[in-house]
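Engineer: To start, I am sharing the structure in question, which I have written as structure tokens.
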Amino acid sequence: MAPIDIKDDDEARGASLLADLADVKKILFFYAEWHEPSAEGGPFDLVVKTLANQGPGEVRFYRVLAEETPSLSNKYNVTTVPTFVFLNADGSISDRIDGGEDVSRVTQCYARLSGASSIATKTLASGQTTSREQEHDTAPHVQQSLNDRLKSLINSSPIVIFQKGTPTEPKCGFSRQAIEMLNDANVSFGYFNILEDDDVRQGLKAFSDWPTYPQLYVRGELVGGLDIMKEMADEEGGLVEQLELKEFVIAKSISAPASDEKDLNERLKELINRHRIMLFMKGVPSGPRCGFSRQMVEILDSFEVSYDAFDILSDEDIRQGLKAYSDWPTYPQLYVDGELLGGLDIVKELQEGGELEETLRC
């Protein structure tokens, strides 16, 4: 079943997402059109569509345009994209993912949610079930559930490596070498740490008939282990050519001339210090252009403090440059006394903790 698109609060209300109804398990995928990884065709969008279409139908997927559905975003305290909320059938939250770039986590949380359903067992006339009969009845179901998990993990990203540890902290030399080869090829990839899940670790060996790790999969198919990767890397064009991975090569940004970068940094400093409280947002306070910016304005207005704002939609250089300058990837951004206070999530935390008013009024 394809994901259901929710583009405003009326559609969310029509889908009963604003009511706490106990019906089916759900995954709410909050995205933004300006955020490439979660927008149409991005890696998060692709994994959601893949899981929704290949799954058994026990879990319902919703693609929620975060900024246009403020009621639903507020209900689940969404302050960044992508955000994933994994809901049990009774409406309780089983997992959530706030931001980040790890596509494989989505599949892992999905596997936990979809695998949480209880397995029915046959009972004897007396109402009892013997342990032997239980084992006989449930074993095929358990194996099928594991196989479904493995398929989902394998297809969680066009390129997936099953390894010991993480890409930043490999736990064995073979995994480290495999990660170095993928990084040298400059391709984007997902991963799964087999040390965190022994069912997956042992099950994948049988599922793929490959006894060792790491294991590399491309477009859902097993490529092999480190030895196969090395052989392909030594061929003409390396892994990218041999596995036809050009579409997954990460584009390298072109650095601006030093003088231009210096001029931009001077502009950013001037803007940040234009007012004691400076808000960089989408739109203007009287007309916010996104739900997150609207919430930030409402918070500031509630304290009746004087502040200034800059519409980052009016200047692409400022919009992109400030992300690097402040090392903060999203908007809105709030500055106080020339220092970054944070985005909407930080401001909300300060407000809830009673610290925001003192910071704004000092």
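For the structure tokens, the naming scheme is as follows: chains receive sequential letters (A, B, ...) according to their order of presentation, residues are indexed from 1 within each chain, and ligands are indexed from 1 in presentation order.
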From range 88-317 of chain A, collect each residue whose DSSP state is helix (DSSP H, G or I) and return the set as an MDAnalysis selection string.

Structural biologist: chainID A and resid 103:114 131:154 173:185 194:196 198:208 226:234 238:242 246:248 258:272 291:302 312:314 316:317

Engineer: As a PyMOL selection string, please: the residues near Asp311 in chain A (cut-off 8 Å, only C-alpha atoms, same-chain neighbours under 2 positions excluded).

Structural biologist: chain A and resi 280-284+309+313-315

Engineer: Quick one: everything within 12 Å of Glu247 in chain A, counting only C-alpha atoms, minus sequence neighbours fewer than 3 positions away in the same chain. Send it as number ranges by chain.

Structural biologist: A: 158-159, 186-189, 240-241, 243-244, 250-251

Engineer: Once DSSP has gone over the backbone, tell me which residues of range 213-246 of chain A are in strand (DSSP E or B), as an mmCIF file with C-alpha atoms, in the first residue's frame.

Structural biologist:
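Saved as selection33.cif:
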```cif
data_model
loop_
_atom_site.group_PDB
_atom_site.id
_atom_site.type_symbol
_atom_site.label_atom_id
_atom_site.label_comp_id
_atom_site.auth_asym_id
_atom_site.auth_seq_id
_atom_site.Cartn_x
_atom_site.Cartn_y
_atom_site.Cartn_z
ATOM 1 C CA GLN A 215 28.196 -7.983 3.448
ATOM 2 C CA LEU A 216 27.449 -5.391 0.768
ATOM 3 C CA TYR A 217 24.072 -5.111 -0.978
ATOM 4 C CA VAL A 218 23.275 -2.894 -3.967
ATOM 5 C CA GLU A 221 21.072 -7.781 -4.282
ATOM 6 C CA LEU A 222 24.083 -9.271 -2.486
ATOM 7 C CA VAL A 223 27.376 -8.109 -3.976
ATOM 8 C CA GLY A 224 29.562 -10.040 -1.534
#
```

Engineer: Phe192 in chain A: which residues within 7 Å, counting only C-alpha atoms, same-chain residues fewer than 2 positions away excluded, as a VMD selection string?

Structural biologist: chain A and resid 104 161 to 163 194

Engineer: Write the residues of the preceding selection, restricted to N, CA, C and O atoms, as a short mmCIF file (atom, residue, chain, number, x, y, z; two decimals), in the first residue's frame.

Structural biologist:
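Final output, saved to out_34.cif:
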```
data_model
loop_
_atom_site.label_atom_id
_atom_site.label_comp_id
_atom_site.auth_asym_id
_atom_site.auth_seq_id
_atom_site.Cartn_x
_atom_site.Cartn_y
_atom_site.Cartn_z
N SER A 104 19.00 3.99 7.45
CA SER A 104 18.80 2.61 7.91
C SER A 104 18.05 2.54 9.24
O SER A 104 17.40 1.55 9.54
N ILE A 161 25.41 -1.72 3.71
CA ILE A 161 26.46 -2.61 4.18
C ILE A 161 26.10 -3.10 5.58
O ILE A 161 25.71 -2.32 6.45
N PHE A 162 26.18 -4.42 5.76
CA PHE A 162 25.98 -5.03 7.07
C PHE A 162 27.37 -5.26 7.65
O PHE A 162 28.18 -6.00 7.06
N GLN A 163 27.64 -4.62 8.77
CA GLN A 163 29.00 -4.59 9.28
C GLN A 163 29.02 -4.72 10.79
O GLN A 163 27.97 -4.68 11.45
N ILE A 194 25.49 -5.27 12.87
CA ILE A 194 25.02 -6.61 13.22
C ILE A 194 25.30 -6.97 14.67
O ILE A 194 24.70 -7.90 15.21
#
```

Engineer: Give me the residues of range 199-292 of chain A that have any atom at most 10 Å from an atom of range 319-331 of chain A; for each, the nearest atom pair and the distance in Å, rounded to one decimal. Use only C-alpha atoms, sort by chain and number, and format it as a Markdown table.

Structural biologist:
```
| residue | atom | partner | partner_atom | distance |
| --- | --- | --- | --- | --- |
| A:Glu261 | CA | A:Gly321 | CA | 8.7 |
| A:Leu264 | CA | A:Gly321 | CA | 7.3 |
| A:Asn265 | CA | A:Tyr325 | CA | 7.3 |
| A:Arg267 | CA | A:Gly321 | CA | 9.9 |
| A:Leu268 | CA | A:Leu322 | CA | 6.8 |
| A:Lys269 | CA | A:Tyr325 | CA | 9.4 |
| A:Ile272 | CA | A:Leu322 | CA | 9.7 |
| A:Leu279 | CA | A:Tyr331 | CA | 9.4 |
| A:Phe280 | CA | A:Tyr331 | CA | 7.0 |
| A:Met281 | CA | A:Tyr331 | CA | 6.0 |
| A:Lys282 | CA | A:Tyr331 | CA | 7.5 |
| A:Cys290 | CA | A:Tyr331 | CA | 9.6 |
| A:Phe292 | CA | A:Tyr331 | CA | 7.8 |
```

Engineer: Near Tyr213 in chain A, counting only C-alpha atoms, which residues have an atom at most 9 Å away, once you skip same-chain residues fewer than 6 positions from it, shown as a PyMOL selection string?

Structural biologist: chain A and resi 162-164+174-175+194+201+205+225-226

Engineer: Emit the selected residues as a PDB file, in the first residue's frame, including N, CA and C atoms.

Structural biologist:
```pdb
ATOM      1  N   PHE A 162      26.176  -4.416   5.763  1.00  0.00           N
ATOM      2  CA  PHE A 162      25.978  -5.032   7.069  1.00  0.00           C
ATOM      3  C   PHE A 162      27.367  -5.259   7.645  1.00  0.00           C
ATOM      4  N   GLN A 163      27.643  -4.615   8.770  1.00  0.00           N
ATOM      5  CA  GLN A 163      29.004  -4.593   9.281  1.00  0.00           C
ATOM      6  C   GLN A 163      29.021  -4.718  10.793  1.00  0.00           C
ATOM      7  N   LYS A 164      30.209  -4.866  11.327  1.00  0.00           N
ATOM      8  CA  LYS A 164      30.402  -4.853  12.772  1.00  0.00           C
ATOM      9  C   LYS A 164      30.770  -3.436  13.186  1.00  0.00           C
ATOM     10  N   PHE A 174      38.018  -5.867   8.907  1.00  0.00           N
ATOM     11  CA  PHE A 174      37.372  -6.083   7.614  1.00  0.00           C
ATOM     12  C   PHE A 174      36.290  -5.025   7.366  1.00  0.00           C
ATOM     13  N   SER A 175      35.500  -4.739   8.403  1.00  0.00           N
ATOM     14  CA  SER A 175      34.463  -3.709   8.264  1.00  0.00           C
ATOM     15  C   SER A 175      35.102  -2.344   8.017  1.00  0.00           C
ATOM     16  N   ILE A 194      25.493  -5.273  12.869  1.00  0.00           N
ATOM     17  CA  ILE A 194      25.022  -6.614  13.216  1.00  0.00           C
ATOM     18  C   ILE A 194      25.295  -6.969  14.670  1.00  0.00           C
ATOM     19  N   ARG A 201      22.069 -10.890  12.677  1.00  0.00           N
ATOM     20  CA  ARG A 201      23.441 -11.355  12.414  1.00  0.00           C
ATOM     21  C   ARG A 201      23.464 -12.814  11.956  1.00  0.00           C
ATOM     22  N   LYS A 205      23.057 -14.640   7.476  1.00  0.00           N
ATOM     23  CA  LYS A 205      24.005 -15.634   6.930  1.00  0.00           C
ATOM     24  C   LYS A 205      23.243 -16.712   6.157  1.00  0.00           C
ATOM     25  N   GLY A 225      31.366  -9.942   0.033  1.00  0.00           N
ATOM     26  CA  GLY A 225      32.111  -9.432   1.165  1.00  0.00           C
ATOM     27  C   GLY A 225      33.294  -8.591   0.742  1.00  0.00           C
ATOM     28  N   LEU A 226      34.240  -8.434   1.659  1.00  0.00           N
ATOM     29  CA  LEU A 226      35.380  -7.561   1.424  1.00  0.00           C
ATOM     30  C   LEU A 226      36.219  -8.016   0.237  1.00  0.00           C
TER      31      LEU A 226
END
```

Engineer: I'd like to know which of A:Glu11, A:Asp199, A:Glu58, A:Asp184 is closest to Leu150 in chain A, using only C-alpha atoms.

Structural biologist: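 Of the candidates, the smallest distance to Leu150 in chain A is held by A:Asp199.
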
Engineer: Got a sec: who's within 8 Å of Arg60 in chain A, counting only C-alpha atoms, leaving out chain neighbours fewer than 2 positions off, as a ChimeraX atom specification?

Structural biologist: /A:1,3,24-27,52,57-58,62

Engineer: To one decimal in Å, tell me the separation between CA of Ala66 in chain A and CA of Thr83 in chain A.

Structural biologist: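 Result for CA of Ala66 in chain A versus CA of Thr83 in chain A: 8.9 Å, one decimal.
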
Engineer: Which of these, A:Ala178, A:Leu360, A:Ala185, A:Leu28, has the shortest distance to Val106 in chain A once you count only C-alpha atoms?

Structural biologist: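 So, comparing all the options, the nearest one is A:Leu28.
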
Engineer: Using only C-alpha atoms, which residues sit within 9 Å of Pro82 in chain A once same-chain residues fewer than 4 positions away are excluded, as JSON, numbers by chain?

Structural biologist: {"A": [29, 30, 31, 32, 35, 37, 38, 44, 66, 97, 98, 99, 100, 101]}

Engineer: Smallest atom-to-atom distance to Gln108 in chain A: which of A:Phe86, A:Tyr307, A:Tyr76, A:Phe248, using only C-alpha atoms?

Structural biologist: A:Phe86

Engineer: For each of A:Gln295, A:Val347, A:Ile318, A:Tyr335, take the minimum atom-to-atom distance to Asn273 in chain A, counting only C-alpha atoms, then give the residue where this is smallest.

Structural biologist: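 Ranking A:Gln295, A:Val347, A:Ile318, A:Tyr335 by distance to Asn273 in chain A, first place goes to A:Tyr335.
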